[in-house]
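What follows is the content of target29.pdb, which has PDB, C-alpha atoms, pLDDT in the B column:
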```pdb
MODEL        1
ATOM      1  CA  MET A  19     -10.097   9.064  -6.824  1.00 34.00           C
ATOM      2  CA  LEU A  20      -7.847   6.027  -6.880  1.00 41.00           C
ATOM      3  CA  GLY A  21      -9.239   2.672  -5.860  1.00 40.00           C
ATOM      4  CA  VAL A  22      -8.651   1.461  -2.338  1.00 38.00           C
ATOM      5  CA  GLU A  23      -7.117  -1.733  -3.698  1.00 48.00           C
ATOM      6  CA  LEU A  24      -3.952   0.070  -4.810  1.00 69.00           C
ATOM      7  CA  SER A  25      -1.405   0.077  -2.018  1.00 74.00           C
ATOM      8  CA  PRO A  26      -0.763   3.369  -0.247  1.00 78.00           C
ATOM      9  CA  LEU A  27       2.798   3.319  -1.629  1.00 85.00           C
ATOM     10  CA  ARG A  28       1.587   2.911  -5.212  1.00 86.00           C
ATOM     11  CA  ARG A  29      -0.965   5.690  -4.726  1.00 83.00           C
ATOM     12  CA  SER A  30       1.836   7.918  -3.391  1.00 86.00           C
ATOM     13  CA  LEU A  31       4.002   7.055  -6.384  1.00 92.00           C
ATOM     14  CA  LEU A  32       1.191   7.901  -8.807  1.00 89.00           C
ATOM     15  CA  GLU A  33       0.688  11.204  -7.030  1.00 87.00           C
ATOM     16  CA  LEU A  34       4.401  12.038  -7.232  1.00 93.00           C
ATOM     17  CA  LEU A  35       4.526  10.929 -10.860  1.00 93.00           C
ATOM     18  CA  LYS A  36       2.139  13.680 -11.889  1.00 91.00           C
ATOM     19  CA  SER A  37       5.509  15.311 -12.558  1.00 93.00           C
ATOM     20  CA  PRO A  38       8.149  13.221 -14.364  1.00 95.00           C
ATOM     21  CA  ALA A  39      10.650  11.555 -12.019  1.00 96.00           C
ATOM     22  CA  SER A  40      13.049   8.634 -11.804  1.00 95.00           C
ATOM     23  CA  ALA A  41      12.929   5.813  -9.251  1.00 94.00           C
ATOM     24  CA  THR A  42      15.945   7.402  -7.554  1.00 93.00           C
ATOM     25  CA  GLN A  43      14.125  10.721  -7.191  1.00 95.00           C
ATOM     26  CA  LEU A  44      10.972   8.997  -5.945  1.00 96.00           C
ATOM     27  CA  ALA A  45      12.956   6.950  -3.423  1.00 95.00           C
ATOM     28  CA  ALA A  46      14.563  10.098  -2.072  1.00 95.00           C
ATOM     29  CA  ALA A  47      11.197  11.865  -1.822  1.00 95.00           C
ATOM     30  CA  LEU A  48       9.670   8.926   0.071  1.00 93.00           C
ATOM     31  CA  ASP A  49      12.819   8.033   2.033  1.00 93.00           C
ATOM     32  CA  LEU A  50      12.667   4.429   0.780  1.00 93.00           C
ATOM     33  CA  PRO A  51      15.219   2.123  -0.866  1.00 93.00           C
ATOM     34  CA  ARG A  52      15.425   2.688  -4.631  1.00 92.00           C
ATOM     35  CA  GLN A  53      15.010  -1.036  -5.334  1.00 93.00           C
ATOM     36  CA  ARG A  54      11.696  -1.144  -3.458  1.00 92.00           C
ATOM     37  CA  VAL A  55      10.399   1.928  -5.257  1.00 94.00           C
ATOM     38  CA  ASN A  56      11.586   0.618  -8.623  1.00 92.00           C
ATOM     39  CA  TYR A  57       9.693  -2.657  -8.059  1.00 90.00           C
ATOM     40  CA  HIS A  58       6.422  -0.773  -7.508  1.00 90.00           C
ATOM     41  CA  VAL A  59       7.065   1.679 -10.351  1.00 93.00           C
ATOM     42  CA  ARG A  60       7.555  -1.258 -12.745  1.00 90.00           C
ATOM     43  CA  ALA A  61       4.270  -2.796 -11.552  1.00 86.00           C
ATOM     44  CA  LEU A  62       2.506   0.505 -12.229  1.00 89.00           C
ATOM     45  CA  GLU A  63       4.170   0.653 -15.637  1.00 87.00           C
ATOM     46  CA  GLN A  64       3.024  -2.891 -16.471  1.00 84.00           C
ATOM     47  CA  ALA A  65      -0.505  -1.943 -15.441  1.00 79.00           C
ATOM     48  CA  GLY A  66      -0.367   0.970 -17.881  1.00 82.00           C
ATOM     49  CA  LEU A  67      -0.643   3.643 -15.199  1.00 86.00           C
ATOM     50  CA  VAL A  68       2.761   5.229 -15.821  1.00 91.00           C
ATOM     51  CA  GLU A  69       4.738   5.796 -18.987  1.00 92.00           C
ATOM     52  CA  LEU A  70       8.371   6.308 -19.911  1.00 93.00           C
ATOM     53  CA  VAL A  71       9.204   9.949 -20.628  1.00 94.00           C
ATOM     54  CA  GLU A  72      12.940   9.607 -21.294  1.00 95.00           C
ATOM     55  CA  GLU A  73      16.031   7.551 -20.637  1.00 93.00           C
ATOM     56  CA  ARG A  74      19.292   9.310 -19.832  1.00 91.00           C
ATOM     57  CA  GLN A  75      22.835   8.281 -18.991  1.00 89.00           C
ATOM     58  CA  ARG A  76      23.726   8.900 -15.369  1.00 85.00           C
ATOM     59  CA  ARG A  77      26.806   7.593 -13.578  1.00 84.00           C
ATOM     60  CA  GLY A  78      27.315   4.787 -16.068  1.00 87.00           C
ATOM     61  CA  CYS A  79      23.680   3.632 -15.823  1.00 88.00           C
ATOM     62  CA  VAL A  80      20.542   4.397 -17.736  1.00 90.00           C
ATOM     63  CA  GLU A  81      18.104   6.426 -15.626  1.00 92.00           C
ATOM     64  CA  ARG A  82      14.464   5.986 -16.594  1.00 94.00           C
ATOM     65  CA  VAL A  83      12.204   9.007 -16.100  1.00 96.00           C
ATOM     66  CA  LEU A  84       8.502   8.217 -15.889  1.00 95.00           C
ATOM     67  CA  ARG A  85       5.210   9.993 -15.287  1.00 94.00           C
ATOM     68  CA  ALA A  86       1.627   9.042 -14.552  1.00 91.00           C
ATOM     69  CA  ARG A  87      -0.267   8.594 -17.796  1.00 86.00           C
ATOM     70  CA  PRO A  88      -2.318  11.743 -18.383  1.00 78.00           C
ATOM     71  CA  GLY A  89      -6.064  11.244 -18.199  1.00 67.00           C
ATOM     72  CA  ARG A  90      -5.721   7.577 -17.219  1.00 60.00           C
ATOM     73  CA  ALA A  91      -8.231   6.719 -14.515  1.00 48.00           C
ATOM     74  CA  VAL A  92      -7.679   3.609 -12.466  1.00 51.00           C
ATOM     75  CA  ASP A  93     -10.432   1.268 -13.601  1.00 49.00           C
ATOM     76  CA  ALA A  94     -11.887  -1.701 -11.776  1.00 43.00           C
ATOM     77  CA  GLY A  95      -9.767  -4.180 -13.748  1.00 48.00           C
ATOM     78  CA  VAL A  96      -6.526  -2.545 -12.654  1.00 53.00           C
ATOM     79  CA  GLN A  97      -7.751  -2.297  -9.065  1.00 54.00           C
ATOM     80  CA  ASP A  98      -8.644  -5.992  -8.975  1.00 53.00           C
ATOM     81  CA  GLN A  99      -5.260  -6.914 -10.463  1.00 50.00           C
ATOM     82  CA  PHE A 100      -3.564  -5.569  -7.342  1.00 54.00           C
ATOM     83  CA  ALA A 101      -6.147  -6.365  -4.656  1.00 69.00           C
ATOM     84  CA  ALA A 102      -5.314  -9.956  -3.670  1.00 75.00           C
ATOM     85  CA  THR A 103      -1.603  -9.482  -4.283  1.00 74.00           C
ATOM     86  CA  HIS A 104      -1.573  -6.394  -2.084  1.00 72.00           C
ATOM     87  CA  LEU A 105      -3.505  -8.103   0.717  1.00 80.00           C
ATOM     88  CA  VAL A 106      -1.039 -11.010   0.766  1.00 81.00           C
ATOM     89  CA  SER A 107       1.917  -8.608   0.639  1.00 77.00           C
ATOM     90  CA  VAL A 108       0.644  -6.514   3.557  1.00 81.00           C
ATOM     91  CA  ALA A 109      -0.235  -9.624   5.583  1.00 87.00           C
ATOM     92  CA  SER A 110       3.270 -11.010   4.986  1.00 87.00           C
ATOM     93  CA  ASP A 111       4.869  -7.690   5.974  1.00 84.00           C
ATOM     94  CA  VAL A 112       2.798  -7.543   9.172  1.00 90.00           C
ATOM     95  CA  ALA A 113       3.672 -11.143  10.080  1.00 92.00           C
ATOM     96  CA  ARG A 114       7.398 -10.479   9.563  1.00 91.00           C
ATOM     97  CA  GLU A 115       7.308  -7.190  11.506  1.00 92.00           C
ATOM     98  CA  VAL A 116       5.407  -8.654  14.449  1.00 94.00           C
ATOM     99  CA  ASP A 117       7.608 -11.773  14.538  1.00 95.00           C
ATOM    100  CA  ARG A 118      10.760  -9.624  14.557  1.00 94.00           C
ATOM    101  CA  MET A 119       9.435  -7.294  17.264  1.00 95.00           C
ATOM    102  CA  SER A 120       8.067 -10.193  19.332  1.00 96.00           C
ATOM    103  CA  SER A 121      11.458 -11.925  19.261  1.00 96.00           C
ATOM    104  CA  ALA A 122      13.216  -8.700  20.250  1.00 96.00           C
ATOM    105  CA  ALA A 123      10.742  -8.128  23.108  1.00 96.00           C
ATOM    106  CA  ALA A 124      11.148 -11.707  24.339  1.00 97.00           C
ATOM    107  CA  SER A 125      14.946 -11.324  24.262  1.00 97.00           C
ATOM    108  CA  ALA A 126      14.576  -8.211  26.409  1.00 97.00           C
ATOM    109  CA  GLY A 127      12.230 -10.047  28.793  1.00 97.00           C
ATOM    110  CA  LYS A 128       9.241  -7.964  27.702  1.00 96.00           C
ATOM    111  CA  ARG A 129       5.903  -8.635  26.090  1.00 95.00           C
ATOM    112  CA  LEU A 130       4.898  -7.045  22.784  1.00 95.00           C
ATOM    113  CA  LEU A 131       1.583  -5.180  23.088  1.00 95.00           C
ATOM    114  CA  THR A 132      -0.571  -5.856  20.026  1.00 95.00           C
ATOM    115  CA  PHE A 133      -4.284  -5.985  19.318  1.00 93.00           C
ATOM    116  CA  THR A 134      -6.512  -7.713  16.804  1.00 93.00           C
ATOM    117  CA  VAL A 135     -10.021  -6.819  15.676  1.00 93.00           C
ATOM    118  CA  GLU A 136     -11.785  -9.513  13.695  1.00 93.00           C
ATOM    119  CA  THR A 137     -15.353 -10.021  12.481  1.00 94.00           C
ATOM    120  CA  THR A 138     -17.409 -11.484   9.659  1.00 94.00           C
ATOM    121  CA  VAL A 139     -19.647  -9.367   7.441  1.00 94.00           C
ATOM    122  CA  ARG A 140     -22.164 -10.822   4.977  1.00 94.00           C
ATOM    123  CA  PHE A 141     -22.621  -8.455   2.030  1.00 94.00           C
ATOM    124  CA  GLY A 142     -25.923  -8.574   0.178  1.00 93.00           C
ATOM    125  CA  ALA A 143     -24.576  -7.181  -3.090  1.00 91.00           C
ATOM    126  CA  PRO A 144     -21.098  -6.942  -4.654  1.00 82.00           C
ATOM    127  CA  GLY A 145     -21.155  -3.136  -4.546  1.00 83.00           C
ATOM    128  CA  ASP A 146     -21.695  -3.218  -0.792  1.00 89.00           C
ATOM    129  CA  VAL A 147     -18.044  -4.273  -0.327  1.00 87.00           C
ATOM    130  CA  HIS A 148     -16.818  -1.001  -1.837  1.00 82.00           C
ATOM    131  CA  GLU A 149     -19.227   1.114   0.210  1.00 87.00           C
ATOM    132  CA  PHE A 150     -18.263  -0.788   3.376  1.00 90.00           C
ATOM    133  CA  THR A 151     -14.564  -0.256   2.612  1.00 85.00           C
ATOM    134  CA  SER A 152     -15.084   3.498   2.198  1.00 83.00           C
ATOM    135  CA  ASP A 153     -17.090   3.684   5.433  1.00 90.00           C
ATOM    136  CA  LEU A 154     -14.483   1.608   7.293  1.00 91.00           C
ATOM    137  CA  ALA A 155     -11.630   3.781   6.010  1.00 86.00           C
ATOM    138  CA  GLU A 156     -13.433   6.933   7.149  1.00 89.00           C
ATOM    139  CA  ALA A 157     -14.221   5.435  10.573  1.00 92.00           C
ATOM    140  CA  VAL A 158     -10.597   4.379  11.066  1.00 91.00           C
ATOM    141  CA  ARG A 159      -9.423   7.836   9.952  1.00 87.00           C
ATOM    142  CA  GLN A 160     -11.719   9.513  12.510  1.00 92.00           C
ATOM    143  CA  ILE A 161     -10.624   7.198  15.331  1.00 93.00           C
ATOM    144  CA  ALA A 162      -6.962   7.647  14.416  1.00 90.00           C
ATOM    145  CA  LEU A 163      -7.370  11.437  14.515  1.00 91.00           C
ATOM    146  CA  LYS A 164      -8.905  11.137  17.991  1.00 94.00           C
ATOM    147  CA  TYR A 165      -6.003   9.124  19.448  1.00 94.00           C
ATOM    148  CA  ASP A 166      -2.999  10.219  17.387  1.00 91.00           C
ATOM    149  CA  THR A 167      -0.446  12.331  19.267  1.00 91.00           C
ATOM    150  CA  GLU A 168       2.885  13.571  17.972  1.00 90.00           C
ATOM    151  CA  SER A 169       4.768  12.284  21.020  1.00 93.00           C
ATOM    152  CA  GLY A 170       2.988   8.923  21.169  1.00 92.00           C
ATOM    153  CA  ARG A 171       4.302   5.511  20.185  1.00 91.00           C
ATOM    154  CA  PRO A 172       3.312   4.726  16.585  1.00 90.00           C
ATOM    155  CA  TYR A 173       1.163   1.665  15.875  1.00 92.00           C
ATOM    156  CA  ARG A 174       0.494   0.284  12.431  1.00 88.00           C
ATOM    157  CA  VAL A 175      -3.210  -0.471  11.989  1.00 90.00           C
ATOM    158  CA  VAL A 176      -4.141  -2.739   9.099  1.00 88.00           C
ATOM    159  CA  ALA A 177      -7.677  -3.715   8.139  1.00 88.00           C
ATOM    160  CA  MET A 178      -8.090  -6.461   5.559  1.00 87.00           C
ATOM    161  CA  GLY A 179     -10.961  -8.347   4.080  1.00 88.00           C
ATOM    162  CA  HIS A 180     -11.277 -11.469   1.981  1.00 86.00           C
ATOM    163  CA  PRO A 181     -14.049 -13.886   1.134  1.00 86.00           C
ATOM    164  CA  GLY A 182     -14.768 -16.173   4.065  1.00 85.00           C
ATOM    165  CA  VAL A 183     -14.737 -19.927   3.972  1.00 79.00           C
ATOM    166  CA  SER A 184     -18.178 -21.480   4.198  1.00 71.00           C
ATOM    167  CA  ASP A 185     -18.927 -23.296   7.445  1.00 64.00           C
ATOM    168  CA  GLU A 186     -20.848 -25.897   5.454  1.00 57.00           C
ATOM    169  CA  ARG A 187     -18.769 -28.853   4.297  1.00 49.00           C
TER     170      ARG A 187
ENDMDL
END
```

Structure encoded using structure tokens:
Amino acid sequence: MLGVELSPLRRSLLELLKSPASATQLAAALDLPRQRVNYHVRALEQAGLVELVEERQRRGCVERVLRARPGRAVDAGVQDQFAATHLVSVASDVAREVDRMSSAAASAGKRLLTFTVETTVRFGAPGDVHEFTSDLAEAVRQIALKYDTESGRPYRVVAMGHPGVSDER
């Protein structure tokens, strides 16, 4: 199983890259801009999780076809390489999305309905973080299944964690 620290998009790309594909093909499969997909594919390539299969001429450009490296498990070092970067990226995306929607709602004379859940957890051992994350993901999945309806308004739910700042100064 892939580590939770890899973004959902990168996990999806690795899954799709079990069969060789180009960034253009991946973008079409995920209905995302090619440039965004290519950025994440290159990060996976730099981490050694995907490899170049072939390069071919296509419409005056060189198309790179890649695949997930066979037998390559995502180890803790690779997971940690993406963890903080991914958290900051998701937090930035959420801030931009909420700011944009809040401005649009205010322009329409409406209020944007959001919610925040926040707490502090003190882990006794480093491994407890991973177990907590798995338990939290399963709990969120169960709650989402309970409330998710096809005709409902979609909400993005993001849970993040980072080391807290000590209250002692």

Å distance separating atom CA of Val83 of chain A from atom CA of Ser40 of chain A, one decimal place
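Atom CA of Ser40 of chain A lies at a distance of 4.4 Å from atom CA of Val83 of chain A.
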
Find the residue from A:Val59, A:Val175, A:Leu34, A:Asp166 that sits nearest to Val108 of chain A; use only C-alpha atoms when measuring.
A:Val175

re atom CA of Leu50 of chain A and atom CA of Pro26 of chain A: distance 13.5 Å

So what do you get for atom CA of Gln43 of chain A versus atom CA of Val112 of chain A, distance-wise?
27.0 Å

Could you tell me which residues the PyMOL selection byres ((chain A and resi 118-134) around 12) grabs in this file, written as a tab-separated table (two decimals) with C-alpha atoms, keeping the file's coordinate frame?
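Output below, filename selection.tsv:
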```
chain	number	residue	atom	x	y	z
A	111	ASP	CA	4.87	-7.69	5.97
A	112	VAL	CA	2.80	-7.54	9.17
A	113	ALA	CA	3.67	-11.14	10.08
A	114	ARG	CA	7.40	-10.48	9.56
A	115	GLU	CA	7.31	-7.19	11.51
A	116	VAL	CA	5.41	-8.65	14.45
A	117	ASP	CA	7.61	-11.77	14.54
A	135	VAL	CA	-10.02	-6.82	15.68
A	136	GLU	CA	-11.78	-9.51	13.70
A	137	THR	CA	-15.35	-10.02	12.48
A	171	ARG	CA	4.30	5.51	20.18
A	172	PRO	CA	3.31	4.73	16.58
A	173	TYR	CA	1.16	1.66	15.88
A	174	ARG	CA	0.49	0.28	12.43
A	175	VAL	CA	-3.21	-0.47	11.99
A	176	VAL	CA	-4.14	-2.74	9.10
A	177	ALA	CA	-7.68	-3.72	8.14
A	178	MET	CA	-8.09	-6.46	5.56
```

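Closest approach to Arg29 of chain A among A:His58, A:His180, A:Arg52, A:His148 is made by A:His58 (distances from only C-alpha atoms).
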
Using the chain letters and numbers from the file, give me the residues hit by the PyMOL selection byres ((chain A and resi 33) around 12), as a PyMOL selection string.
chain A and resi 19-20+26-32+34-39+44+47-48+59+67-68+85-88

Looking at A:Val106, A:Val183, A:Glu63, A:Leu154, which one is nearest to Arg140 of chain A, with distances taken over all atoms listed in the file?
A:Val183

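Counting all atoms listed in the file, the residue from A:Pro181, A:Ala162, A:Ala45, A:Arg74 that sits nearest to Pro144 of chain A is A:Pro181.
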
Determine, counting all atoms listed in the file, every residue of protein, DNA or RNA that lies within 8 Å of (11.8, 9.4, -21.0) in the file coordinates, then give the result as a ChimeraX atom specification.
/A:70-74,82-84

Box dimensions and centre (Å, one decimal) enclosing segment 139-142 of chain A, axis-aligned, 3 Å extra per side, as lines of an AutoDock Vina configuration file:
```
center_x = -22.8
center_y = -9.6
center_z = 3.8
size_x = 12.3
size_y = 8.4
size_z = 13.3
```

Starting from the incomplete input, reconstruct N, CA and C atoms of segment 118-136 of chain A and write that as a PDB file, keeping the file's coordinate frame.
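As written to disk, selection_29.pdb reads:
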```pdb
ATOM      1  N   ARG A 118       9.482 -10.256  14.213  1.00 94.00           N
ATOM      2  CA  ARG A 118      10.760  -9.624  14.557  1.00 94.00           C
ATOM      3  C   ARG A 118      10.650  -8.867  15.882  1.00 94.00           C
ATOM      4  N   MET A 119       9.605  -8.068  16.041  1.00 95.00           N
ATOM      5  CA  MET A 119       9.435  -7.294  17.264  1.00 95.00           C
ATOM      6  C   MET A 119       9.143  -8.188  18.465  1.00 95.00           C
ATOM      7  N   SER A 120       8.377  -9.257  18.253  1.00 96.00           N
ATOM      8  CA  SER A 120       8.067 -10.193  19.332  1.00 96.00           C
ATOM      9  C   SER A 120       9.329 -10.894  19.824  1.00 96.00           C
ATOM     10  N   SER A 121      10.181 -11.291  18.888  1.00 96.00           N
ATOM     11  CA  SER A 121      11.458 -11.925  19.261  1.00 96.00           C
ATOM     12  C   SER A 121      12.338 -10.954  20.033  1.00 96.00           C
ATOM     13  N   ALA A 122      12.401  -9.706  19.579  1.00 96.00           N
ATOM     14  CA  ALA A 122      13.216  -8.700  20.250  1.00 96.00           C
ATOM     15  C   ALA A 122      12.674  -8.426  21.661  1.00 96.00           C
ATOM     16  N   ALA A 123      11.345  -8.359  21.792  1.00 96.00           N
ATOM     17  CA  ALA A 123      10.742  -8.128  23.108  1.00 96.00           C
ATOM     18  C   ALA A 123      11.022  -9.305  24.034  1.00 96.00           C
ATOM     19  N   ALA A 124      10.891 -10.516  23.523  1.00 97.00           N
ATOM     20  CA  ALA A 124      11.148 -11.707  24.339  1.00 97.00           C
ATOM     21  C   ALA A 124      12.607 -11.744  24.791  1.00 97.00           C
ATOM     22  N   SER A 125      13.523 -11.367  23.902  1.00 97.00           N
ATOM     23  CA  SER A 125      14.946 -11.324  24.262  1.00 97.00           C
ATOM     24  C   SER A 125      15.219 -10.316  25.371  1.00 97.00           C
ATOM     25  N   ALA A 126      14.425  -9.247  25.387  1.00 97.00           N
ATOM     26  CA  ALA A 126      14.576  -8.211  26.409  1.00 97.00           C
ATOM     27  C   ALA A 126      13.736  -8.515  27.650  1.00 97.00           C
ATOM     28  N   GLY A 127      13.057  -9.686  27.646  1.00 97.00           N
ATOM     29  CA  GLY A 127      12.230 -10.047  28.793  1.00 97.00           C
ATOM     30  C   GLY A 127      10.939  -9.250  28.873  1.00 97.00           C
ATOM     31  N   LYS A 128      10.466  -8.769  27.740  1.00 96.00           N
ATOM     32  CA  LYS A 128       9.241  -7.964  27.702  1.00 96.00           C
ATOM     33  C   LYS A 128       8.193  -8.659  26.841  1.00 96.00           C
ATOM     34  N   ARG A 129       7.001  -8.137  26.908  1.00 95.00           N
ATOM     35  CA  ARG A 129       5.903  -8.635  26.090  1.00 95.00           C
ATOM     36  C   ARG A 129       5.538  -7.570  25.069  1.00 95.00           C
ATOM     37  N   LEU A 130       5.288  -7.975  23.847  1.00 95.00           N
ATOM     38  CA  LEU A 130       4.898  -7.045  22.784  1.00 95.00           C
ATOM     39  C   LEU A 130       3.392  -6.798  22.860  1.00 95.00           C
ATOM     40  N   LEU A 131       2.996  -5.535  23.007  1.00 95.00           N
ATOM     41  CA  LEU A 131       1.583  -5.180  23.088  1.00 95.00           C
ATOM     42  C   LEU A 131       1.020  -5.038  21.677  1.00 95.00           C
ATOM     43  N   THR A 132       0.102  -5.913  21.327  1.00 95.00           N
ATOM     44  CA  THR A 132      -0.571  -5.856  20.026  1.00 95.00           C
ATOM     45  C   THR A 132      -2.068  -5.975  20.262  1.00 95.00           C
ATOM     46  N   PHE A 133      -2.843  -5.754  19.231  1.00 93.00           N
ATOM     47  CA  PHE A 133      -4.284  -5.985  19.318  1.00 93.00           C
ATOM     48  C   PHE A 133      -4.783  -6.480  17.970  1.00 93.00           C
ATOM     49  N   THR A 134      -5.893  -7.192  18.017  1.00 93.00           N
ATOM     50  CA  THR A 134      -6.512  -7.713  16.804  1.00 93.00           C
ATOM     51  C   THR A 134      -8.010  -7.456  16.881  1.00 93.00           C
ATOM     52  N   VAL A 135      -8.579  -6.990  15.797  1.00 93.00           N
ATOM     53  CA  VAL A 135     -10.021  -6.819  15.676  1.00 93.00           C
ATOM     54  C   VAL A 135     -10.439  -7.699  14.497  1.00 93.00           C
ATOM     55  N   GLU A 136     -11.397  -8.576  14.737  1.00 93.00           N
ATOM     56  CA  GLU A 136     -11.785  -9.513  13.695  1.00 93.00           C
ATOM     57  C   GLU A 136     -13.289  -9.719  13.726  1.00 93.00           C
TER      58      GLU A 136
END
```
